[in-house]
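Data block below; observations after.
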Amino acid sequence: MANVVVIGAQWGDEGKGKVVDIYTEYADNVVRYQGGNNAGHTLVVGEEKVVLHLIPSGILHEGKRCIIGNGVVLDPEVFIREITNLKARGKMMDDSVLCLSEGLHIIMPYHKRVDIAREAKSGDKKIGTTGRGIGPAYEDKIGRRGIRLCDLLDQQIFERKLREALDEKNFLLENFLGDKPFTFEEIFSEYCGYADILRKYVADTSLMLHKEVKAGRNILFEGAQGTLLDVDHGTYPFVTSSSTCAGGACTGTGVSPREIHEIIGISKAYVTRVGSGPFPTELIEETGEKMRQAGNEFGSTTGRPRRCGWFDAVVLRYAVRVNGLTGVAITKLDVLDDFDTIKICTGYKYNGKLIEEIPATLDVFAKCEPVYEDMAGWKTNISHVKTFEELPVNAQKYVRRLEELMGCEVVMVSVGPRRSETISLRNPFAV
């Protein structure tokens, strides 16, 4: 038995969907434990591209149970649309393979309107949210006024909680954010309809996972976003609203930390970021645009162009430390095929001093200048390569140097978007 957590080791968009899709072959259960539909996992299956926002990537595999844990905030409309789209593709024909935690929190229409209105009001100080209502939903969760899935399924409880919520949200929308209020009726009837559809998926997923652990079945925990977007350990306030680090796998599912055996961090062979916030290795000229186009770096959820930069070993060392990574999967190595020289950030300079860790103060981090080490490129297409030894020598040297700087072994190298375009060096489920 092995239970494996897959998390983003940078600012998200690292290619977790593909890695989870590959590791699902060895898992009995695939569990999403945090975030909402502000994250998109893109998979290429044969010639078909599939983008999932809420449902775990394992849903594309027959005979796997997929679970959305209590740490997730769920937009019912998006969830139902995703199911509809999967069924139209001939997937998920058996509803019993997908389970929702009765304790997860529901994203309401006022969460989305507040999210968008706040960003508009913030001007040049905006965080860069997706406007999906994720942050406001987590605010209500922490403020102990959220509406959980089990509340939605009980009309009396839902009615009471919705009326209480609208008293506050409508006051905020009208008197501070300058937006229009909601009526009770327009939300209540719509969400009662959602409840009728969601009911068949609801389960005590914490108990379910406990039984799976006792039975010796493998569990794959699928994270969203990345380490530097963690609400506690990320580049606050330019973060998401949930625990994206490995610890979130336990709080977001009810599985004990003692039952986690491997933690695999996913990192691009370079770095990207969506939204605002410090990004020391960002390339804002021709090189960054070349990287963006070669890697098709546009958000799968929003379509926004991603900011691109050279690999930052400081960020990866941090991710190794705060997550306890046991391995790193390097994705999109092929994007660097056409570069003569490839740079690696090994540290920062601030006020003339060398810094080898991420500073806690955002103002300091924003003023850090990257210290680079240059490596020769390989200038050849590597998408056909099947083993590490077949990679060009310079590509091998690059990966091995990343290992040294991160302080963690590389367990997988992706050389293209398809499942077949992957080199596995160690399988975390083979423990």
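Chains: A, B, ... in order of the structure tokens. Residues: from 1 per chain. Ligands: from 1, in order shown.
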Residue contacts of Gly275 of chain A (12 Å, only C-alpha atoms) excluding same-chain residues fewer than 4 positions away, as a ChimeraX atom specification: /A:11-13,119,125-131,229,235,237-240,279,298-299,302-308
Extract the full set of strand (DSSP E or B) residues from segment 102-286 of chain A according to DSSP on the backbone, and format it as a ChimeraX atom specification. /A:105-106,148,202-203,219-222,262-268,271-273,282
Convert the current residue selection to file output with N, CA and C atoms, as a PDB file, in the first residue's frame.
```pdb
ATOM      1  N   HIS A 105     -17.679  23.116   1.396  1.00  0.00           N
ATOM      2  CA  HIS A 105     -18.440  24.358   1.373  1.00  0.00           C
ATOM      3  C   HIS A 105     -18.860  24.716  -0.046  1.00  0.00           C
ATOM      4  N   ILE A 106     -20.015  25.382  -0.134  1.00  0.00           N
ATOM      5  CA  ILE A 106     -20.633  25.707  -1.413  1.00  0.00           C
ATOM      6  C   ILE A 106     -20.337  27.159  -1.796  1.00  0.00           C
ATOM      7  N   ARG A 148     -22.475  24.593   3.907  1.00  0.00           N
ATOM      8  CA  ARG A 148     -21.861  23.335   3.500  1.00  0.00           C
ATOM      9  C   ARG A 148     -22.831  22.523   2.637  1.00  0.00           C
ATOM     10  N   VAL A 202     -23.138  12.442  -2.577  1.00  0.00           N
ATOM     11  CA  VAL A 202     -22.695  12.827  -1.237  1.00  0.00           C
ATOM     12  C   VAL A 202     -22.370  11.600  -0.385  1.00  0.00           C
ATOM     13  N   ALA A 203     -21.266  11.705   0.369  1.00  0.00           N
ATOM     14  CA  ALA A 203     -20.842  10.599   1.238  1.00  0.00           C
ATOM     15  C   ALA A 203     -20.000  11.145   2.382  1.00  0.00           C
ATOM     16  N   ILE A 219      -4.046   5.418  -2.362  1.00  0.00           N
ATOM     17  CA  ILE A 219      -4.744   6.691  -2.494  1.00  0.00           C
ATOM     18  C   ILE A 219      -3.795   7.713  -3.097  1.00  0.00           C
ATOM     19  N   LEU A 220      -4.285   8.435  -4.089  1.00  0.00           N
ATOM     20  CA  LEU A 220      -3.532   9.519  -4.712  1.00  0.00           C
ATOM     21  C   LEU A 220      -4.250  10.825  -4.393  1.00  0.00           C
ATOM     22  N   PHE A 221      -3.548  11.733  -3.725  1.00  0.00           N
ATOM     23  CA  PHE A 221      -4.107  13.027  -3.336  1.00  0.00           C
ATOM     24  C   PHE A 221      -3.675  14.074  -4.358  1.00  0.00           C
ATOM     25  N   GLU A 222      -4.650  14.738  -4.954  1.00  0.00           N
ATOM     26  CA  GLU A 222      -4.396  15.676  -6.042  1.00  0.00           C
ATOM     27  C   GLU A 222      -4.582  17.112  -5.565  1.00  0.00           C
ATOM     28  N   GLU A 262       4.399   9.239   0.396  1.00  0.00           N
ATOM     29  CA  GLU A 262       5.245   9.954  -0.570  1.00  0.00           C
ATOM     30  C   GLU A 262       4.599  11.298  -0.896  1.00  0.00           C
ATOM     31  N   ILE A 263       5.442  12.312  -1.083  1.00  0.00           N
ATOM     32  CA  ILE A 263       4.965  13.640  -1.468  1.00  0.00           C
ATOM     33  C   ILE A 263       5.769  14.086  -2.680  1.00  0.00           C
ATOM     34  N   ILE A 264       5.105  14.169  -3.815  1.00  0.00           N
ATOM     35  CA  ILE A 264       5.776  14.487  -5.077  1.00  0.00           C
ATOM     36  C   ILE A 264       5.420  15.918  -5.487  1.00  0.00           C
ATOM     37  N   GLY A 265       6.438  16.741  -5.649  1.00  0.00           N
ATOM     38  CA  GLY A 265       6.238  18.103  -6.099  1.00  0.00           C
ATOM     39  C   GLY A 265       6.391  18.193  -7.607  1.00  0.00           C
ATOM     40  N   ILE A 266       5.528  18.958  -8.244  1.00  0.00           N
ATOM     41  CA  ILE A 266       5.591  19.124  -9.697  1.00  0.00           C
ATOM     42  C   ILE A 266       6.175  20.501 -10.000  1.00  0.00           C
ATOM     43  N   SER A 267       7.161  20.526 -10.884  1.00  0.00           N
ATOM     44  CA  SER A 267       7.818  21.774 -11.251  1.00  0.00           C
ATOM     45  C   SER A 267       8.097  21.794 -12.738  1.00  0.00           C
ATOM     46  N   LYS A 268       7.797  22.911 -13.371  1.00  0.00           N
ATOM     47  CA  LYS A 268       8.233  23.082 -14.745  1.00  0.00           C
ATOM     48  C   LYS A 268       9.755  23.195 -14.785  1.00  0.00           C
ATOM     49  N   VAL A 271       9.781  28.590 -14.910  1.00  0.00           N
ATOM     50  CA  VAL A 271       8.764  29.011 -13.954  1.00  0.00           C
ATOM     51  C   VAL A 271       7.701  29.842 -14.669  1.00  0.00           C
ATOM     52  N   THR A 272       6.447  29.683 -14.256  1.00  0.00           N
ATOM     53  CA  THR A 272       5.391  30.581 -14.717  1.00  0.00           C
ATOM     54  C   THR A 272       4.570  31.037 -13.524  1.00  0.00           C
ATOM     55  N   ARG A 273       3.892  32.147 -13.738  1.00  0.00           N
ATOM     56  CA  ARG A 273       2.992  32.658 -12.711  1.00  0.00           C
ATOM     57  C   ARG A 273       1.845  33.407 -13.381  1.00  0.00           C
ATOM     58  N   GLU A 282      11.303  36.617 -13.640  1.00  0.00           N
ATOM     59  CA  GLU A 282      10.405  36.910 -14.759  1.00  0.00           C
ATOM     60  C   GLU A 282      11.154  37.512 -15.937  1.00  0.00           C
TER      61      GLU A 282
END
```
With a distance cut-off of 12 Å and only C-alpha atoms, select the neighbouring residues of Thr84 of chain A, excluding the residue or stretch itself and same-chain residues fewer than 6 positions from it, and output the selection as number ranges by chain. A: 55, 77-78, 90-93, 95, 197
Export N, CA, C and O atoms of the chosen residues as a short mmCIF file (atom, residue, chain, number, x, y, z; two decimals), in the first residue's frame?
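File written: out.cif
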```
data_model
loop_
_atom_site.label_atom_id
_atom_site.label_comp_id
_atom_site.auth_asym_id
_atom_site.auth_seq_id
_atom_site.Cartn_x
_atom_site.Cartn_y
_atom_site.Cartn_z
N ILE A 55 -13.44 18.08 -10.80
CA ILE A 55 -13.39 16.62 -10.70
C ILE A 55 -11.96 16.14 -10.85
O ILE A 55 -11.24 16.58 -11.75
N GLU A 77 -22.95 24.72 -10.11
CA GLU A 77 -23.20 24.89 -11.54
C GLU A 77 -22.02 24.37 -12.36
O GLU A 77 -22.20 23.65 -13.35
N VAL A 78 -20.81 24.71 -11.94
CA VAL A 78 -19.61 24.27 -12.65
C VAL A 78 -19.45 22.77 -12.54
O VAL A 78 -19.12 22.08 -13.52
N GLY A 90 -18.50 10.18 -23.20
CA GLY A 90 -18.52 8.75 -22.91
C GLY A 90 -17.78 8.39 -21.65
O GLY A 90 -17.49 7.21 -21.40
N LYS A 91 -17.47 9.38 -20.79
CA LYS A 91 -16.76 9.15 -19.53
C LYS A 91 -17.75 9.19 -18.36
O LYS A 91 -18.85 9.69 -18.47
N MET A 92 -17.33 8.64 -17.24
CA MET A 92 -18.09 8.68 -15.99
C MET A 92 -19.54 8.25 -16.17
O MET A 92 -20.46 8.93 -15.71
N MET A 93 -19.74 7.14 -16.83
CA MET A 93 -21.10 6.65 -17.05
C MET A 93 -21.69 6.04 -15.78
O MET A 93 -22.91 5.90 -15.66
N ASP A 95 -22.18 6.80 -11.97
CA ASP A 95 -22.11 7.90 -11.02
C ASP A 95 -21.47 7.51 -9.69
O ASP A 95 -21.00 8.37 -8.94
N ILE A 197 -29.65 17.27 -7.69
CA ILE A 197 -28.69 16.59 -8.57
C ILE A 197 -27.48 16.09 -7.77
O ILE A 197 -26.98 14.99 -7.99
#
```
So which one's closest to Arg400 of chain A, A:Val6, A:Val328, A:Pro280, A:Asn323? Using only C-alpha atoms, please.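 Among the listed residues, the smallest separation from Arg400 of chain A belongs to A:Val328.
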Considering only C-alpha atoms, return as an MDAnalysis selection string whatever protein or nucleic-acid residues lie within 8 Å of Lys112 of chain A, sequence-local ones (same chain, fewer than 6 positions apart) excluded. chainID A and resid 131:134 136
Please indicate the distance in Å from atom CA of Ser414 of chain A to atom CA of Ile330 of chain A, rounded to one decimal place. 6.2 Å
Report as a VMD selection string all protein, DNA and RNA residues lying within 10 Å of Gly416 of chain A, evaluated on only C-alpha atoms, omitting residues in the same chain fewer than 3 positions from it. chain A and resid 44 295 331 to 335 382 to 385 413 419 to 422
Kindly give the distance, in Å, that separates atom CA of Glu212 of chain A and atom CA of Thr253 of chain A, rounded to a single decimal.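 Separation between atom CA of Glu212 of chain A and atom CA of Thr253 of chain A: 12.7 Å.
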Spatial neighbours of Ile22 of chain A, 12 Å, only C-alpha atoms, chain gap at least 4 places, as a ChimeraX atom specification: /A:6,15-18,26-27,30,43-45,57-58,60-61,220,329,412,414,417-424,427-429
Store the residues of this selection in a file with N, CA, C and O atoms, as a CSV table (one decimal), in the first residue's frame.
```
chain,number,residue,atom,x,y,z
A,6,VAL,N,0.4,14.6,-4.6
A,6,VAL,CA,1.0,15.4,-5.7
A,6,VAL,C,0.6,16.8,-5.5
A,6,VAL,O,-0.6,17.2,-5.5
A,15,GLY,N,1.7,21.5,-14.4
A,15,GLY,CA,1.4,20.3,-15.2
A,15,GLY,C,1.0,19.1,-14.3
A,15,GLY,O,1.3,17.9,-14.6
A,16,LYS,N,0.4,19.4,-13.2
A,16,LYS,CA,0.0,18.4,-12.2
A,16,LYS,C,-1.0,17.4,-12.8
A,16,LYS,O,-1.0,16.2,-12.5
A,17,GLY,N,-1.9,17.9,-13.7
A,17,GLY,CA,-2.9,17.1,-14.3
A,17,GLY,C,-2.4,15.9,-15.0
A,17,GLY,O,-2.8,14.7,-14.8
A,18,LYS,N,-1.3,16.1,-15.8
A,18,LYS,CA,-0.7,15.0,-16.5
A,18,LYS,C,-0.1,14.0,-15.5
A,18,LYS,O,-0.2,12.8,-15.7
A,26,TYR,N,-1.9,3.5,-10.8
A,26,TYR,CA,-1.4,2.7,-9.6
A,26,TYR,C,-2.3,2.9,-8.4
A,26,TYR,O,-2.1,2.3,-7.4
A,27,ALA,N,-3.3,3.8,-8.5
A,27,ALA,CA,-4.1,4.2,-7.4
A,27,ALA,C,-5.5,3.6,-7.5
A,27,ALA,O,-6.0,3.3,-8.6
A,30,VAL,N,-8.6,8.5,-6.1
A,30,VAL,CA,-8.0,9.8,-6.4
A,30,VAL,C,-8.8,10.9,-5.8
A,30,VAL,O,-10.0,11.0,-6.0
A,43,LEU,N,-5.4,17.8,-19.6
A,43,LEU,CA,-4.9,16.5,-19.9
A,43,LEU,C,-5.0,16.3,-21.4
A,43,LEU,O,-5.9,16.7,-22.0
A,44,VAL,N,-4.0,15.6,-22.0
A,44,VAL,CA,-4.1,15.2,-23.4
A,44,VAL,C,-4.1,13.7,-23.5
A,44,VAL,O,-3.1,13.0,-23.1
A,45,VAL,N,-5.3,13.2,-23.9
A,45,VAL,CA,-5.5,11.7,-23.9
A,45,VAL,C,-5.6,11.3,-25.4
A,45,VAL,O,-6.6,11.6,-26.0
A,57,SER,N,-8.6,14.3,-11.8
A,57,SER,CA,-8.1,13.8,-13.2
A,57,SER,C,-8.3,12.3,-13.3
A,57,SER,O,-8.4,11.8,-14.5
A,58,GLY,N,-8.4,11.6,-12.2
A,58,GLY,CA,-8.5,10.1,-12.3
A,58,GLY,C,-9.8,9.7,-12.9
A,58,GLY,O,-10.0,8.5,-13.2
A,60,LEU,N,-10.9,9.9,-15.7
A,60,LEU,CA,-10.7,9.4,-17.1
A,60,LEU,C,-10.3,8.0,-17.1
A,60,LEU,O,-10.2,7.4,-18.2
A,61,HIS,N,-10.0,7.4,-16.0
A,61,HIS,CA,-9.6,6.0,-15.9
A,61,HIS,C,-10.8,5.1,-15.4
A,61,HIS,O,-11.5,5.5,-14.4
A,220,LEU,N,-4.3,8.4,-4.1
A,220,LEU,CA,-3.5,9.5,-4.7
A,220,LEU,C,-4.2,10.8,-4.4
A,220,LEU,O,-5.4,11.0,-4.7
A,329,ALA,N,8.8,16.0,-10.0
A,329,ALA,CA,8.5,15.7,-11.4
A,329,ALA,C,8.8,16.9,-12.2
A,329,ALA,O,8.2,18.0,-11.9
A,412,MET,N,10.5,12.0,-12.3
A,412,MET,CA,9.9,12.0,-13.5
A,412,MET,C,10.3,13.2,-14.4
A,412,MET,O,10.5,14.2,-13.8
A,414,SER,N,9.0,15.1,-18.0
A,414,SER,CA,8.0,15.2,-19.1
A,414,SER,C,8.6,15.9,-20.2
A,414,SER,O,9.2,17.0,-20.1
A,417,PRO,N,3.3,16.9,-24.0
A,417,PRO,CA,2.0,16.9,-23.3
A,417,PRO,C,1.3,15.5,-23.2
A,417,PRO,O,0.5,15.4,-22.3
A,418,ARG,N,1.7,14.6,-24.0
A,418,ARG,CA,1.0,13.3,-24.0
A,418,ARG,C,1.5,12.4,-22.9
A,418,ARG,O,2.7,12.5,-22.5
A,419,ARG,N,0.7,11.4,-22.5
A,419,ARG,CA,1.1,10.4,-21.5
A,419,ARG,C,2.4,9.7,-21.9
A,419,ARG,O,3.3,9.5,-21.1
A,420,SER,N,2.5,9.4,-23.2
A,420,SER,CA,3.6,8.6,-23.7
A,420,SER,C,4.9,9.4,-23.7
A,420,SER,O,6.0,8.9,-23.8
A,421,GLU,N,4.8,10.8,-23.6
A,421,GLU,CA,6.0,11.6,-23.7
A,421,GLU,C,6.5,11.9,-22.3
A,421,GLU,O,6.6,13.1,-21.8
A,422,THR,N,6.7,10.9,-21.5
A,422,THR,CA,7.1,11.0,-20.1
A,422,THR,C,8.2,9.9,-19.8
A,422,THR,O,8.1,8.8,-20.2
A,423,ILE,N,9.2,10.4,-19.1
A,423,ILE,CA,10.3,9.5,-18.6
A,423,ILE,C,10.1,9.3,-17.1
A,423,ILE,O,10.2,10.2,-16.3
A,424,SER,N,9.9,8.0,-16.7
A,424,SER,CA,9.8,7.7,-15.3
A,424,SER,C,11.1,7.2,-14.7
A,424,SER,O,11.6,6.2,-15.2
A,427,ASN,N,8.9,5.2,-9.4
A,427,ASN,CA,7.5,5.2,-9.2
A,427,ASN,C,7.2,5.3,-7.7
A,427,ASN,O,7.5,4.4,-7.0
A,428,PRO,N,6.6,6.4,-7.2
A,428,PRO,CA,6.4,6.5,-5.8
A,428,PRO,C,5.4,5.5,-5.2
A,428,PRO,O,5.4,5.3,-4.0
A,429,PHE,N,4.6,4.9,-6.0
A,429,PHE,CA,3.7,3.8,-5.5
A,429,PHE,C,4.4,2.5,-5.3
A,429,PHE,O,3.8,1.6,-4.7
```
As a JSON list (two decimals) with C-alpha atoms, in the first residue's frame, please: the residues near Lys214 of chain A (cut-off 10 Å, only C-alpha atoms, same-chain neighbours under 5 positions excluded).
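Ended up saving to part_26.json:
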```json
[["chain", "number", "residue", "atom", "x", "y", "z"],
["A", 1, "MET", "CA", 0.00, 0.00, 0.00],
["A", 209, "LEU", "CA", -10.93, 6.97, 2.99],
["A", 259, "GLU", "CA", -0.94, 7.60, 6.35]]
```
Tell me, which residues of segment 234-268 of chain A carry DSSP helix (DSSP H, G or I), written as a list in words?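 Matching residues for helix (DSSP H, G or I) in segment 234-268 of chain A are Gly248, Ala249, Cys250, Thr251, Pro257, Arg258 and Glu259 of chain A.
With only C-alpha atoms as the atoms that count, the minimum distance from Val315 of chain A to the choices A:Asn3, A:Ser101, A:Ser242, A:Thr227 is reached by A:Thr227.
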